[in-house]
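Each remark here refers to the structure printed beneath this line.
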Amino acid sequence: MTDTLSDWNLLTLVGADRPGIVSRVTRVLYECGCNLGEASMIRLGGNFTIMLMVSDARPETEILDALAPVAEELGLRIHLDPLSGGLHQHLMPNVQVRVTGADRAGIVADVTEILAEQGFNILELESDVAGERERPVYIMNIQGYSDRTIEALADALVPMAARGVSVDVSPVDVLIG
Amino acid sequence: MAILDILKLPDQRLKQVSEPVDSFDQSLRDFIADLEETRLAGPGAVGIAAPQVAHFRRIVILDLSSRPKTPNHGHLVLINPEITHWEGFAMGREGCLSVPDYTGNVIRATQIRLKAQDADGVEHQYEMEGFEARAVQHELDHLDGLLFVDRVVSRRTDLYRRKVYK
C-alpha cells in the first residue's frame, strides 16, 4: 500500500486524564477536514498522553485555533509539528530486551548505551516502576532491530548483571500467515 | 498451477466460516497446488488458508521446514483441522497476507494437539508447540472467519488477563 496522503503533522496532547478526550479532539480534527494516521495513546502516571499523525486540509494555525477551545476546556497542552515521512515506515523488530532491577538512576542509559554500541536500533521502549514504595523495581521492555546474534547481544549486556540488573534477550519472531 | 488473488481487509468474505472438505479428489489436489504456489509467491508466509483466496473450505497449508531451529513438522497440508487440546499462553507478533502493512501482538496457546486429514483424507494427530502452534492457530482462525486483527492485544496489559484460550 502506498501513502497517498501527504503533509503529515504530529499532534501531541498531554493533560490530566478524563473520559471523552479522544472523542472531543478527533471530532474537531474531523470537522477541520483532517485525516488521522498512526496514533499512540497511553496513560503515564495517570496522565493522558497521545501522539497522532494528522494530515492537514487546512493550515496548521487553523487547526490549532480549532483545537484551542477543547484544549482549554479539558486542560490539555498541545503541540503540532511538521512530520517528515509518512505511513508504513516500519522497521520490524527482531529482538526483545527485557530489563528488571532495583530502581536506580542510570539503568536506561547503561542498557541503551551497550545496545547502541552493538548497533542495536531501538524501535519500541516502555518502562514502569513496580514493587513497594521503599523498594521500587524498574522494569523496561525494549524491542528493536539488530544484525547481531542473540548470544552476542546477551554477552554484551553481561556487565549489567554485576550492577544488579537482570537482562533477558530474546528473538521477536513475526509470524506471517 | 496458478497464483490466486488474496482477499484483503476489509473484504467481508474474510469473515465467512468455511465448510468442511468432504471429497478428496483431483480438484482438491489441484487447488492445494494453486494455494501453495500462491503462498510461495507472497512475502515469506509460513502458512495460508483456503478462505484467504476465496475458497471457503477447511484447508490450510503450513510450512516451517525452512526454520530448522524451530520445532516443527515440516510441510503440512491440513484438511478439516481441529485443535483438541490447548495449553499455556504467550504473546507474539503476527502479520497476515490478508492484512498488508500491519503487525500486532496476539496471545496464543503455546502447546496444542491437533487432528487433521491429509490430501488423501487420512487422519493424523500432531503435538505442536511455540511458533508452529501459533501458526496453526492463526491459520485455523481464517477457517472460522477470524483475522489476527480480531485478537490483537495490548502488550502492556493483556498478557496477564487471559488464561483459557478461545
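Scheme for the C-alpha cells: letters A, B, ... for chains in order shown; per-chain residue numbers from 1; ligand numbers from 1 in order shown.
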Do you have, as CSV, the list of residues of segment 17-52 of chain B lying at most 12 Å from segment 115-130 of chain B, each with its nearest atom pair and that distance in Å to one decimal, counting only C-alpha atoms and ordered by chain then number?
```
residue,atom,partner,partner_atom,distance
B:Pro20,CA,B:Gln117,CA,10.9
B:Val21,CA,B:Gly121,CA,9.1
B:Asp22,CA,B:Gly121,CA,8.7
B:Ser23,CA,B:Gly121,CA,8.2
B:Phe24,CA,B:Asp120,CA,5.8
B:Asp25,CA,B:Asp120,CA,7.9
B:Gln26,CA,B:Ala119,CA,9.6
B:Ser27,CA,B:Ala119,CA,10.7
B:Leu28,CA,B:Ala119,CA,7.5
B:Arg29,CA,B:Ala119,CA,6.8
B:Asp30,CA,B:Ala119,CA,10.4
B:Phe31,CA,B:Ala119,CA,10.5
B:Ile32,CA,B:Ala119,CA,8.3
B:Ala33,CA,B:Ala119,CA,10.8
```
Would you save the residues from that selection as an mmCIF file, in the first residue's frame, using all heavy atoms?
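As written to disk, result02.cif reads:
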```
data_model
loop_
_atom_site.group_PDB
_atom_site.id
_atom_site.type_symbol
_atom_site.label_atom_id
_atom_site.label_comp_id
_atom_site.auth_asym_id
_atom_site.auth_seq_id
_atom_site.Cartn_x
_atom_site.Cartn_y
_atom_site.Cartn_z
ATOM 1 N N PRO B 20 -16.469 -27.855 5.760
ATOM 2 C CA PRO B 20 -15.545 -28.996 5.732
ATOM 3 C C PRO B 20 -15.357 -29.527 4.305
ATOM 4 O O PRO B 20 -16.245 -29.401 3.470
ATOM 5 C CB PRO B 20 -16.260 -30.045 6.597
ATOM 6 C CG PRO B 20 -17.249 -29.297 7.408
ATOM 7 C CD PRO B 20 -17.651 -28.100 6.591
ATOM 8 N N VAL B 21 -14.186 -30.127 4.098
ATOM 9 C CA VAL B 21 -13.917 -30.813 2.821
ATOM 10 C C VAL B 21 -14.483 -32.218 2.924
ATOM 11 O O VAL B 21 -14.251 -32.916 3.913
ATOM 12 C CB VAL B 21 -12.387 -30.884 2.578
ATOM 13 C CG1 VAL B 21 -12.075 -31.762 1.373
ATOM 14 C CG2 VAL B 21 -11.812 -29.495 2.428
ATOM 15 N N ASP B 22 -15.275 -32.637 1.925
ATOM 16 C CA ASP B 22 -15.814 -34.000 2.004
ATOM 17 C C ASP B 22 -15.379 -34.884 0.839
ATOM 18 O O ASP B 22 -15.588 -36.090 0.865
ATOM 19 C CB ASP B 22 -17.342 -33.984 2.136
ATOM 20 C CG ASP B 22 -17.982 -33.017 1.152
ATOM 21 O OD1 ASP B 22 -17.319 -32.693 0.150
ATOM 22 O OD2 ASP B 22 -19.122 -32.581 1.395
ATOM 23 N N SER B 23 -14.769 -34.293 -0.176
ATOM 24 C CA SER B 23 -14.304 -35.187 -1.230
ATOM 25 C C SER B 23 -12.832 -34.919 -1.532
ATOM 26 O O SER B 23 -12.420 -33.789 -1.785
ATOM 27 C CB SER B 23 -15.208 -35.064 -2.447
ATOM 28 O OG SER B 23 -14.683 -34.212 -3.379
ATOM 29 N N PHE B 24 -12.074 -35.997 -1.423
ATOM 30 C CA PHE B 24 -10.618 -35.904 -1.578
ATOM 31 C C PHE B 24 -10.254 -36.357 -2.990
ATOM 32 O O PHE B 24 -9.788 -37.462 -3.211
ATOM 33 C CB PHE B 24 -9.934 -36.753 -0.502
ATOM 34 C CG PHE B 24 -10.190 -36.218 0.876
ATOM 35 C CD1 PHE B 24 -11.387 -36.485 1.538
ATOM 36 C CD2 PHE B 24 -9.255 -35.416 1.502
ATOM 37 C CE1 PHE B 24 -11.632 -35.964 2.805
ATOM 38 C CE2 PHE B 24 -9.499 -34.888 2.759
ATOM 39 C CZ PHE B 24 -10.690 -35.162 3.412
ATOM 40 N N ASP B 25 -10.473 -35.461 -3.926
ATOM 41 C CA ASP B 25 -10.330 -35.836 -5.333
ATOM 42 C C ASP B 25 -9.250 -34.990 -6.020
ATOM 43 O O ASP B 25 -8.527 -34.234 -5.368
ATOM 44 C CB ASP B 25 -11.677 -35.660 -6.052
ATOM 45 C CG ASP B 25 -12.249 -34.260 -5.831
ATOM 46 O OD1 ASP B 25 -11.502 -33.381 -5.334
ATOM 47 O OD2 ASP B 25 -13.430 -34.032 -6.147
ATOM 48 N N GLN B 26 -9.179 -35.125 -7.318
ATOM 49 C CA GLN B 26 -8.152 -34.408 -8.074
ATOM 50 C C GLN B 26 -8.348 -32.895 -7.978
ATOM 51 O O GLN B 26 -7.372 -32.145 -7.920
ATOM 52 C CB GLN B 26 -8.177 -34.851 -9.544
ATOM 53 C CG GLN B 26 -7.037 -34.271 -10.391
ATOM 54 C CD GLN B 26 -5.662 -34.623 -9.829
ATOM 55 O OE1 GLN B 26 -5.424 -35.746 -9.388
ATOM 56 N NE2 GLN B 26 -4.746 -33.649 -9.815
ATOM 57 N N SER B 27 -9.608 -32.448 -7.917
ATOM 58 C CA SER B 27 -9.822 -30.997 -7.855
ATOM 59 C C SER B 27 -9.275 -30.433 -6.541
ATOM 60 O O SER B 27 -8.782 -29.300 -6.489
ATOM 61 C CB SER B 27 -11.310 -30.657 -8.047
ATOM 62 O OG SER B 27 -12.034 -31.004 -6.900
ATOM 63 N N LEU B 28 -9.351 -31.241 -5.470
ATOM 64 C CA LEU B 28 -8.758 -30.805 -4.191
ATOM 65 C C LEU B 28 -7.239 -30.687 -4.338
ATOM 66 O O LEU B 28 -6.638 -29.691 -3.935
ATOM 67 C CB LEU B 28 -9.106 -31.798 -3.074
ATOM 68 C CG LEU B 28 -8.436 -31.510 -1.716
ATOM 69 C CD1 LEU B 28 -8.980 -30.221 -1.099
ATOM 70 C CD2 LEU B 28 -8.624 -32.666 -0.739
ATOM 71 N N ARG B 29 -6.639 -31.691 -4.956
ATOM 72 C CA ARG B 29 -5.174 -31.676 -5.139
ATOM 73 C C ARG B 29 -4.755 -30.497 -6.028
ATOM 74 O O ARG B 29 -3.746 -29.843 -5.772
ATOM 75 C CB ARG B 29 -4.700 -33.014 -5.728
ATOM 76 C CG ARG B 29 -4.653 -34.130 -4.689
ATOM 77 C CD ARG B 29 -4.034 -35.405 -5.256
ATOM 78 N NE ARG B 29 -4.944 -36.125 -6.140
ATOM 79 C CZ ARG B 29 -5.908 -36.947 -5.712
ATOM 80 N NH1 ARG B 29 -6.083 -37.174 -4.421
ATOM 81 N NH2 ARG B 29 -6.699 -37.566 -6.564
ATOM 82 N N ASP B 30 -5.547 -30.222 -7.042
ATOM 83 C CA ASP B 30 -5.232 -29.087 -7.926
ATOM 84 C C ASP B 30 -5.303 -27.764 -7.151
ATOM 85 O O ASP B 30 -4.451 -26.893 -7.299
ATOM 86 C CB ASP B 30 -6.217 -29.027 -9.104
ATOM 87 C CG ASP B 30 -5.994 -30.166 -10.088
ATOM 88 O OD1 ASP B 30 -4.930 -30.818 -9.997
ATOM 89 O OD2 ASP B 30 -6.889 -30.417 -10.924
ATOM 90 N N PHE B 31 -6.355 -27.666 -6.323
ATOM 91 C CA PHE B 31 -6.496 -26.437 -5.554
ATOM 92 C C PHE B 31 -5.326 -26.258 -4.579
ATOM 93 O O PHE B 31 -4.774 -25.166 -4.428
ATOM 94 C CB PHE B 31 -7.823 -26.417 -4.777
ATOM 95 C CG PHE B 31 -7.879 -25.277 -3.803
ATOM 96 C CD1 PHE B 31 -8.037 -23.964 -4.245
ATOM 97 C CD2 PHE B 31 -7.706 -25.500 -2.442
ATOM 98 C CE1 PHE B 31 -8.044 -22.905 -3.358
ATOM 99 C CE2 PHE B 31 -7.705 -24.432 -1.549
ATOM 100 C CZ PHE B 31 -7.876 -23.142 -2.013
ATOM 101 N N ILE B 32 -4.945 -27.354 -3.906
ATOM 102 C CA ILE B 32 -3.837 -27.292 -2.953
ATOM 103 C C ILE B 32 -2.552 -26.822 -3.658
ATOM 104 O O ILE B 32 -1.793 -26.017 -3.112
ATOM 105 C CB ILE B 32 -3.629 -28.659 -2.260
ATOM 106 C CG1 ILE B 32 -4.810 -28.926 -1.309
ATOM 107 C CG2 ILE B 32 -2.314 -28.694 -1.490
ATOM 108 C CD1 ILE B 32 -4.899 -30.360 -0.811
ATOM 109 N N ALA B 33 -2.347 -27.303 -4.873
ATOM 110 C CA ALA B 33 -1.156 -26.880 -5.637
ATOM 111 C C ALA B 33 -1.200 -25.372 -5.910
ATOM 112 O O ALA B 33 -0.190 -24.671 -5.777
ATOM 113 C CB ALA B 33 -1.068 -27.663 -6.943
#
```
Expected answer as a PyMOL selection string: strand (DSSP E or B) residues in chain B:
chain B and resi 19+47-49+57+59-63+75-87+90-96+99-108+111-117+123-129+152
Residue selection dump (C-alpha atoms) as a PDB file, in the first residue's frame:
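What landed in selection-v7.pdb:
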```pdb
ATOM      1  CA  GLU B  19     -17.186 -25.629   5.103  1.00  0.00           C
ATOM      2  CA  GLY B  47       1.066 -20.586   6.178  1.00  0.00           C
ATOM      3  CA  ILE B  48      -2.003 -19.898   4.114  1.00  0.00           C
ATOM      4  CA  ALA B  49      -5.662 -20.824   4.486  1.00  0.00           C
ATOM      5  CA  ARG B  57     -13.254 -24.881   2.550  1.00  0.00           C
ATOM      6  CA  ILE B  59      -7.904 -26.306   4.053  1.00  0.00           C
ATOM      7  CA  VAL B  60      -4.626 -24.964   5.433  1.00  0.00           C
ATOM      8  CA  ILE B  61      -1.027 -25.202   4.284  1.00  0.00           C
ATOM      9  CA  LEU B  62       1.707 -24.786   6.858  1.00  0.00           C
ATOM     10  CA  ASP B  63       5.417 -24.931   6.165  1.00  0.00           C
ATOM     11  CA  HIS B  75       5.446 -29.002   5.219  1.00  0.00           C
ATOM     12  CA  LEU B  76       1.856 -29.849   6.146  1.00  0.00           C
ATOM     13  CA  VAL B  77      -1.415 -29.875   4.260  1.00  0.00           C
ATOM     14  CA  LEU B  78      -4.138 -29.796   6.908  1.00  0.00           C
ATOM     15  CA  ILE B  79      -7.687 -30.646   5.826  1.00  0.00           C
ATOM     16  CA  ASN B  80     -10.564 -30.233   8.279  1.00  0.00           C
ATOM     17  CA  PRO B  81      -8.080 -29.452  11.075  1.00  0.00           C
ATOM     18  CA  GLU B  82      -9.270 -29.349  14.646  1.00  0.00           C
ATOM     19  CA  ILE B  83      -7.425 -28.353  17.812  1.00  0.00           C
ATOM     20  CA  THR B  84      -8.277 -30.833  20.541  1.00  0.00           C
ATOM     21  CA  HIS B  85      -6.143 -29.505  23.382  1.00  0.00           C
ATOM     22  CA  TRP B  86      -4.714 -26.126  24.353  1.00  0.00           C
ATOM     23  CA  GLU B  87      -2.085 -25.324  26.948  1.00  0.00           C
ATOM     24  CA  ALA B  90       2.158 -16.380  25.145  1.00  0.00           C
ATOM     25  CA  MET B  91       2.159 -13.164  23.237  1.00  0.00           C
ATOM     26  CA  GLY B  92       3.727 -12.946  19.812  1.00  0.00           C
ATOM     27  CA  ARG B  93       3.761 -10.634  16.846  1.00  0.00           C
ATOM     28  CA  GLU B  94       1.699 -11.600  13.828  1.00  0.00           C
ATOM     29  CA  GLY B  95       1.111 -10.313  10.357  1.00  0.00           C
ATOM     30  CA  CYS B  96      -1.062 -11.650   7.568  1.00  0.00           C
ATOM     31  CA  VAL B  99      -3.730  -7.515   6.235  1.00  0.00           C
ATOM     32  CA  PRO B 100      -0.814  -5.811   4.480  1.00  0.00           C
ATOM     33  CA  ASP B 101       1.423  -3.311   6.277  1.00  0.00           C
ATOM     34  CA  TYR B 102       0.359  -4.160   9.791  1.00  0.00           C
ATOM     35  CA  THR B 103       1.600  -6.443  12.542  1.00  0.00           C
ATOM     36  CA  GLY B 104       0.188  -6.739  16.023  1.00  0.00           C
ATOM     37  CA  ASN B 105       0.548  -8.644  19.264  1.00  0.00           C
ATOM     38  CA  VAL B 106      -1.643 -11.703  19.703  1.00  0.00           C
ATOM     39  CA  ILE B 107      -1.963 -14.159  22.578  1.00  0.00           C
ATOM     40  CA  ARG B 108      -1.931 -17.814  21.512  1.00  0.00           C
ATOM     41  CA  GLN B 111       1.131 -26.095  23.167  1.00  0.00           C
ATOM     42  CA  ILE B 112      -1.644 -27.735  21.234  1.00  0.00           C
ATOM     43  CA  ARG B 113      -2.805 -31.093  19.997  1.00  0.00           C
ATOM     44  CA  LEU B 114      -4.205 -31.081  16.504  1.00  0.00           C
ATOM     45  CA  LYS B 115      -6.020 -33.611  14.391  1.00  0.00           C
ATOM     46  CA  ALA B 116      -6.347 -33.124  10.669  1.00  0.00           C
ATOM     47  CA  GLN B 117      -6.716 -35.082   7.456  1.00  0.00           C
ATOM     48  CA  GLU B 123      -6.371 -38.557   9.613  1.00  0.00           C
ATOM     49  CA  HIS B 124      -3.228 -37.564  11.555  1.00  0.00           C
ATOM     50  CA  GLN B 125      -2.564 -36.293  15.069  1.00  0.00           C
ATOM     51  CA  TYR B 126       0.084 -33.694  15.836  1.00  0.00           C
ATOM     52  CA  GLU B 127       1.570 -32.270  19.007  1.00  0.00           C
ATOM     53  CA  MET B 128       2.752 -28.738  18.359  1.00  0.00           C
ATOM     54  CA  GLU B 129       4.454 -26.055  20.382  1.00  0.00           C
ATOM     55  CA  VAL B 152      -4.749  -8.066  18.827  1.00  0.00           C
TER      56      VAL B 152
END
```
Residues of chain A in helix (DSSP H, G or I), written as an MDAnalysis selection string
chainID A and resid 21:31 60:74 107:117 150:156 159:162
Within 8 Å of chain B, which residues of chain A show up when using only C-alpha atoms, listed as a list in words?
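The selection requested is Met1, His88, Val172, Asp173, Val174, Leu175, Ile176 and Gly177 of chain A.
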Write the residues of the selection above to a file with C-alpha atoms, as a PDB file, in the first residue's frame.
```pdb
ATOM      1  CA  MET A   1       0.000   0.000   0.000  1.00  0.00           C
ATOM      2  CA  HIS A  88       4.125   2.403   6.838  1.00  0.00           C
ATOM      3  CA  VAL A 172      10.942 -11.498  18.162  1.00  0.00           C
ATOM      4  CA  ASP A 173       9.561 -13.827  15.548  1.00  0.00           C
ATOM      5  CA  VAL A 174       6.988 -12.145  13.373  1.00  0.00           C
ATOM      6  CA  LEU A 175       4.602 -14.730  12.016  1.00  0.00           C
ATOM      7  CA  ILE A 176       3.144 -14.036   8.574  1.00  0.00           C
ATOM      8  CA  GLY A 177       0.244 -16.296   7.706  1.00  0.00           C
TER       9      GLY A 177
END
```
Would you list the contacts of Asp128 of chain A as an MDAnalysis selection string, taking every protein, DNA or RNA residue within 7 Å and counting only C-alpha atoms, but skipping same-chain residues closer than 2 positions in sequence?
chainID A and resid 130 138:140
Set the distance at 10 Å and use only C-alpha atoms: which residues neighbour Val70 of chain A once local chain neighbours fewer than 6 positions away are removed? I'd like the list as a PyMOL selection string.
chain A and resi 21+24-25+28+76
Can you write just those residues out, all heavy atoms, as a CSV table (one decimal), in the first residue's frame?
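result.csv, freshly written:
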```csv
chain,number,residue,atom,x,y,z
A,21,ILE,N,-11.7,12.6,26.1
A,21,ILE,CA,-10.8,13.5,25.4
A,21,ILE,C,-10.6,13.1,24.0
A,21,ILE,O,-10.7,13.9,23.1
A,21,ILE,CB,-9.4,13.4,26.1
A,21,ILE,CG1,-9.5,13.9,27.6
A,21,ILE,CG2,-8.3,14.2,25.4
A,21,ILE,CD1,-8.2,13.7,28.4
A,24,ARG,N,-13.6,14.1,21.7
A,24,ARG,CA,-13.7,15.5,21.5
A,24,ARG,C,-12.7,16.0,20.6
A,24,ARG,O,-13.0,16.8,19.6
A,24,ARG,CB,-13.6,16.3,22.9
A,24,ARG,CG,-14.7,16.0,23.9
A,24,ARG,CD,-16.0,16.7,23.5
A,24,ARG,NE,-15.8,18.1,23.4
A,24,ARG,CZ,-15.8,19.0,24.4
A,24,ARG,NH1,-15.9,18.6,25.6
A,24,ARG,NH2,-15.7,20.3,24.1
A,25,VAL,N,-11.4,15.6,20.8
A,25,VAL,CA,-10.3,16.1,19.9
A,25,VAL,C,-10.5,15.6,18.5
A,25,VAL,O,-10.3,16.3,17.5
A,25,VAL,CB,-9.0,15.6,20.5
A,25,VAL,CG1,-7.8,15.8,19.5
A,25,VAL,CG2,-8.7,16.3,21.8
A,28,VAL,N,-13.1,17.4,16.5
A,28,VAL,CA,-12.6,18.7,16.0
A,28,VAL,C,-11.8,18.5,14.7
A,28,VAL,O,-11.9,19.2,13.7
A,28,VAL,CB,-11.9,19.5,17.1
A,28,VAL,CG1,-11.2,20.7,16.5
A,28,VAL,CG2,-12.8,19.9,18.2
A,76,LEU,N,-5.7,20.6,28.3
A,76,LEU,CA,-4.6,19.8,27.5
A,76,LEU,C,-3.6,20.8,27.0
A,76,LEU,O,-3.9,21.9,26.5
A,76,LEU,CB,-5.3,19.1,26.3
A,76,LEU,CG,-6.3,18.0,26.6
A,76,LEU,CD1,-7.0,17.6,25.3
A,76,LEU,CD2,-5.6,16.8,27.3
```
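In terms of minimum interatomic distance to Asp11 of chain B, B:Ala54 ranks closest within B:Ala109, B:Leu40, B:Ala54, B:Val149, counting only C-alpha atoms.
Here atom CA of Ala50 of chain B stands at a distance of 20.0 Å from atom CA of His73 of chain B.
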Restricting the calculation to only C-alpha atoms, which member of B:Asp141, B:Val53, B:Lys69, B:Glu36 is positioned closest to Arg13 of chain B?
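Ranked by minimum distance to Arg13 of chain B, first place goes to B:Val53.
For the pair atom CA of Ile150 of chain A and atom CA of Val169 of chain A, the interatomic distance is 6.4 Å.
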Near segment 32-43 of chain A, within 9 Å and counting only C-alpha atoms, which residues show up once chain neighbours fewer than 6 positions away are dropped, as number ranges by chain?
A: 5, 8, 17, 26, 49-58, 62-63, 66, 86-88
For each of A:Asp65, A:Glu151, A:Asp168, A:Glu60, take the minimum atom-to-atom distance to Val111 of chain A, counting only C-alpha atoms, then give the residue where this is smallest.
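Of all the options, A:Asp168 lies closest to Val111 of chain A.
Shortest atom-to-atom contact with Asp155 of chain A among A:Val22, A:Ile78, A:Ile114, A:Ala16: A:Ile114, counting only C-alpha atoms.
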